[in-house]
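Have a look at the structure below, then the notes.
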Amino acid sequence: MSDPRWPVVWILGAGQCVYWGILYYAFSVLLVPMRDEWGTSDAAIAGAFSAGLAVNAVLATAVGRWLDRGRGVALLRGGALAGAGLLLAWSWVDSLAGLYAVWTGLGACMALVLYETAFALITRAYGDPATRLRALASVTVVGGLASTLFLPLVGAGVAHLGWRLTLRVLVVVWLLATVWLERAALPGLHASDRRTRPTSASAPAGDPVDRRLLWWSGAPFVAATFAAMALTTLVVPSLVARGHSIDQAAWALAALGVMQLPGRVWLWRGGGRAVSPRGLLVAPMALQVVGLALLGTSGSLAGAFSGVAIFGIGAGLHTLVRPWIVPLLFGTDAAGRTNGIIARAQGIARAAGPFAVAAASGWIGSDAVFLALSLALLACCPLAYALSRHPSLLAHSAA
């Protein structure tokens, strides 16, 4: 059976762009008007987002097992339909309790429709690691536009329509993307989702996971995820507090998306064949260290834009590394399960991130938070380097 045609991959990426833009990035802009309308704190509003991310984390391993059983298309379809209804309900919420209830459900939708499911569909569809890396890059090239497109759009919507009507417009966009996926992409992915490929690494599917290797491979990604949550949560409120408009702050944060694209485009065009696992694992971490350090030392709009941009270059590459290395380390048939375990830890970091960094920022300031996280990622760089020397990755590099 042949691999899916490439237009299917690009359409899957377009769906990810919409789902990430609405479920993930829009919240940082909507936080401000919800806070002002209800007269509460940033931390109280951000806690609802954390609650949704916690649900996402709890479900990650179970979703991973279902993905290994070839249920990726069904999970994506169900999550998209449920998400539309919950987003509409969010637009009618008039209390913190209602917001937390809606985001509990949206957290489950995150587990079903975001990158984990898309990456699993790609992993099962493409057996060759080099082709798989290009396909993963293709999905994230389009998906990476989420912040660039949706942060300014949501910011403009809030400024001119109000946050509730903006959400209802986003529901329409969500449904249009879901219909397009249903008609043009999911049929092409269904057959490859259900078929079984031979395991590509030394550990057969179903064997116990090497917990030491799992911790070793997962720790840098978990730390980077927490740092990314700090950035997306704090940049807009901190710039608004310095006197910049919400539109300007949203544009600064939008650099996170557009600057993720250069590295992904390079990999899509075959650049991964010329780079070692060390380059893919260590260089993105170093860029994120530099970006956070710049955010913590420059209070200007230009400095914030530059810090977000540099962080985005590293984050754009880093997003691709985990779904690419996990099948090489643990086996293709166990990729969903193993990725799910790491994704659960990342989900916990995402869930803790918004509330933790908002609270810490209120205590020590956002600049200090950015600098502390820069040092934490710097400490993870030796771990990423050690992982790049794993025999499974070196064997692929030599091949």
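Each chain in the structure tokens gets a letter, A, B, ..., in the order shown, and its residues are numbered from 1; ligands are numbered from 1 in order too.
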
Which of stretch 163-399 of chain A counts as alpha helix (DSSP H) under DSSP, as a VMD selection string please?
-> chain A and resid 163 to 184 186 to 194 211 to 241 246 to 258 261 to 268 277 to 297 301 to 330 335 to 364 366 to 388 391 to 398

So which residues touch stretch 174-178 of chain A within 6 Å, counting only C-alpha atoms, skipping near sequence neighbours fewer than 3 positions away, as an mmCIF file with N, CA and C atoms, in the first residue's frame?
data_model
loop_
_atom_site.group_PDB
_atom_site.id
_atom_site.type_symbol
_atom_site.label_atom_id
_atom_site.label_comp_id
_atom_site.auth_asym_id
_atom_site.auth_seq_id
_atom_site.Cartn_x
_atom_site.Cartn_y
_atom_site.Cartn_z
ATOM 1 N N GLY A 15 -5.137 21.997 9.256
ATOM 2 C CA GLY A 15 -6.040 21.741 10.377
ATOM 3 C C GLY A 15 -5.362 21.988 11.710
ATOM 4 N N VAL A 171 -15.383 29.792 16.155
ATOM 5 C CA VAL A 171 -16.108 28.526 16.017
ATOM 6 C C VAL A 171 -16.398 28.232 14.543
ATOM 7 N N LEU A 181 -10.832 18.940 6.506
ATOM 8 C CA LEU A 181 -10.091 17.743 6.888
ATOM 9 C C LEU A 181 -10.887 16.480 6.581
#

Interatomic distance between atom CA of A:Ile11 and atom CA of A:Leu136?
-> 12.5 Å

Distance criterion (only C-alpha atoms): nearest to A:Val9 out of A:Arg183, A:Arg134, A:Arg264, A:Arg211 =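 Among the listed residues, A:Arg134 lies closest to A:Val9.
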
Distance atom CA of A:Pro284-atom CA of A:Phe305, one decimal place?
-> 18.0 Å

Which residues come within 8 Å of stretch 40-46 of chain A, counting only C-alpha atoms, excluding same-chain residues fewer than 3 positions away, as an MDAnalysis selection string?
-> chainID A and resid 31:32 34:36 49:50 96 354:355 358:359

Generate a file of the selected residues that holds N, CA and C atoms, formatted as a PDB file, in the first residue's frame.
ATOM      1  N   LEU A  31      -7.345  36.321  27.641  1.00  0.00           N
ATOM      2  CA  LEU A  31      -7.174  36.437  29.092  1.00  0.00           C
ATOM      3  C   LEU A  31      -7.439  37.865  29.580  1.00  0.00           C
ATOM      4  N   VAL A  32      -6.926  38.846  28.873  1.00  0.00           N
ATOM      5  CA  VAL A  32      -7.023  40.235  29.342  1.00  0.00           C
ATOM      6  C   VAL A  32      -8.480  40.721  29.412  1.00  0.00           C
ATOM      7  N   MET A  34     -11.250  38.951  29.559  1.00  0.00           N
ATOM      8  CA  MET A  34     -11.995  38.181  30.557  1.00  0.00           C
ATOM      9  C   MET A  34     -11.644  38.658  31.959  1.00  0.00           C
ATOM     10  N   ARG A  35     -10.378  38.894  32.204  1.00  0.00           N
ATOM     11  CA  ARG A  35      -9.945  39.412  33.512  1.00  0.00           C
ATOM     12  C   ARG A  35     -10.611  40.752  33.820  1.00  0.00           C
ATOM     13  N   ASP A  36     -10.633  41.628  32.843  1.00  0.00           N
ATOM     14  CA  ASP A  36     -11.207  42.956  33.067  1.00  0.00           C
ATOM     15  C   ASP A  36     -12.716  42.888  33.276  1.00  0.00           C
ATOM     16  N   PHE A  49      -7.052  27.639  31.918  1.00  0.00           N
ATOM     17  CA  PHE A  49      -6.209  27.071  30.869  1.00  0.00           C
ATOM     18  C   PHE A  49      -5.363  25.940  31.436  1.00  0.00           C
ATOM     19  N   SER A  50      -4.824  26.139  32.630  1.00  0.00           N
ATOM     20  CA  SER A  50      -4.053  25.087  33.285  1.00  0.00           C
ATOM     21  C   SER A  50      -4.903  23.848  33.542  1.00  0.00           C
ATOM     22  N   LEU A  96     -16.131  32.454  36.518  1.00  0.00           N
ATOM     23  CA  LEU A  96     -14.929  31.622  36.560  1.00  0.00           C
ATOM     24  C   LEU A  96     -15.284  30.140  36.617  1.00  0.00           C
ATOM     25  N   PRO A 354       1.017  28.028  33.074  1.00  0.00           N
ATOM     26  CA  PRO A 354       0.317  29.316  33.116  1.00  0.00           C
ATOM     27  C   PRO A 354       0.103  29.859  34.526  1.00  0.00           C
ATOM     28  N   PHE A 355      -0.407  29.013  35.419  1.00  0.00           N
ATOM     29  CA  PHE A 355      -0.655  29.487  36.778  1.00  0.00           C
ATOM     30  C   PHE A 355       0.653  29.769  37.510  1.00  0.00           C
ATOM     31  N   ALA A 358       2.443  32.899  36.077  1.00  0.00           N
ATOM     32  CA  ALA A 358       1.682  34.108  36.382  1.00  0.00           C
ATOM     33  C   ALA A 358       1.848  34.478  37.854  1.00  0.00           C
ATOM     34  N   ALA A 359       1.810  33.464  38.728  1.00  0.00           N
ATOM     35  CA  ALA A 359       1.998  33.727  40.151  1.00  0.00           C
ATOM     36  C   ALA A 359       3.425  34.181  40.436  1.00  0.00           C
TER      37      ALA A 359
END

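Look at A:Gly143: the protein and nucleic acid residues within 9 Å of it, using only C-alpha atoms and passing over chain neighbours fewer than 6 places away, are Leu12, Gly13, Ala14, Gly15, Gln16, Cys17, Val18, Tyr19, Trp20, Gly21, Tyr115 and Gly257 of chain A.
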
For A:Gly353, which residue among A:Leu373, A:Leu317, A:Leu88, A:Leu267 is the nearest when counting only C-alpha atoms?
-> A:Leu373

Nearest to A:Leu383, restricted to only C-alpha atoms and choosing among A:Ile342, A:Ala309, A:Leu106, A:Ala219, comes out as A:Ala219
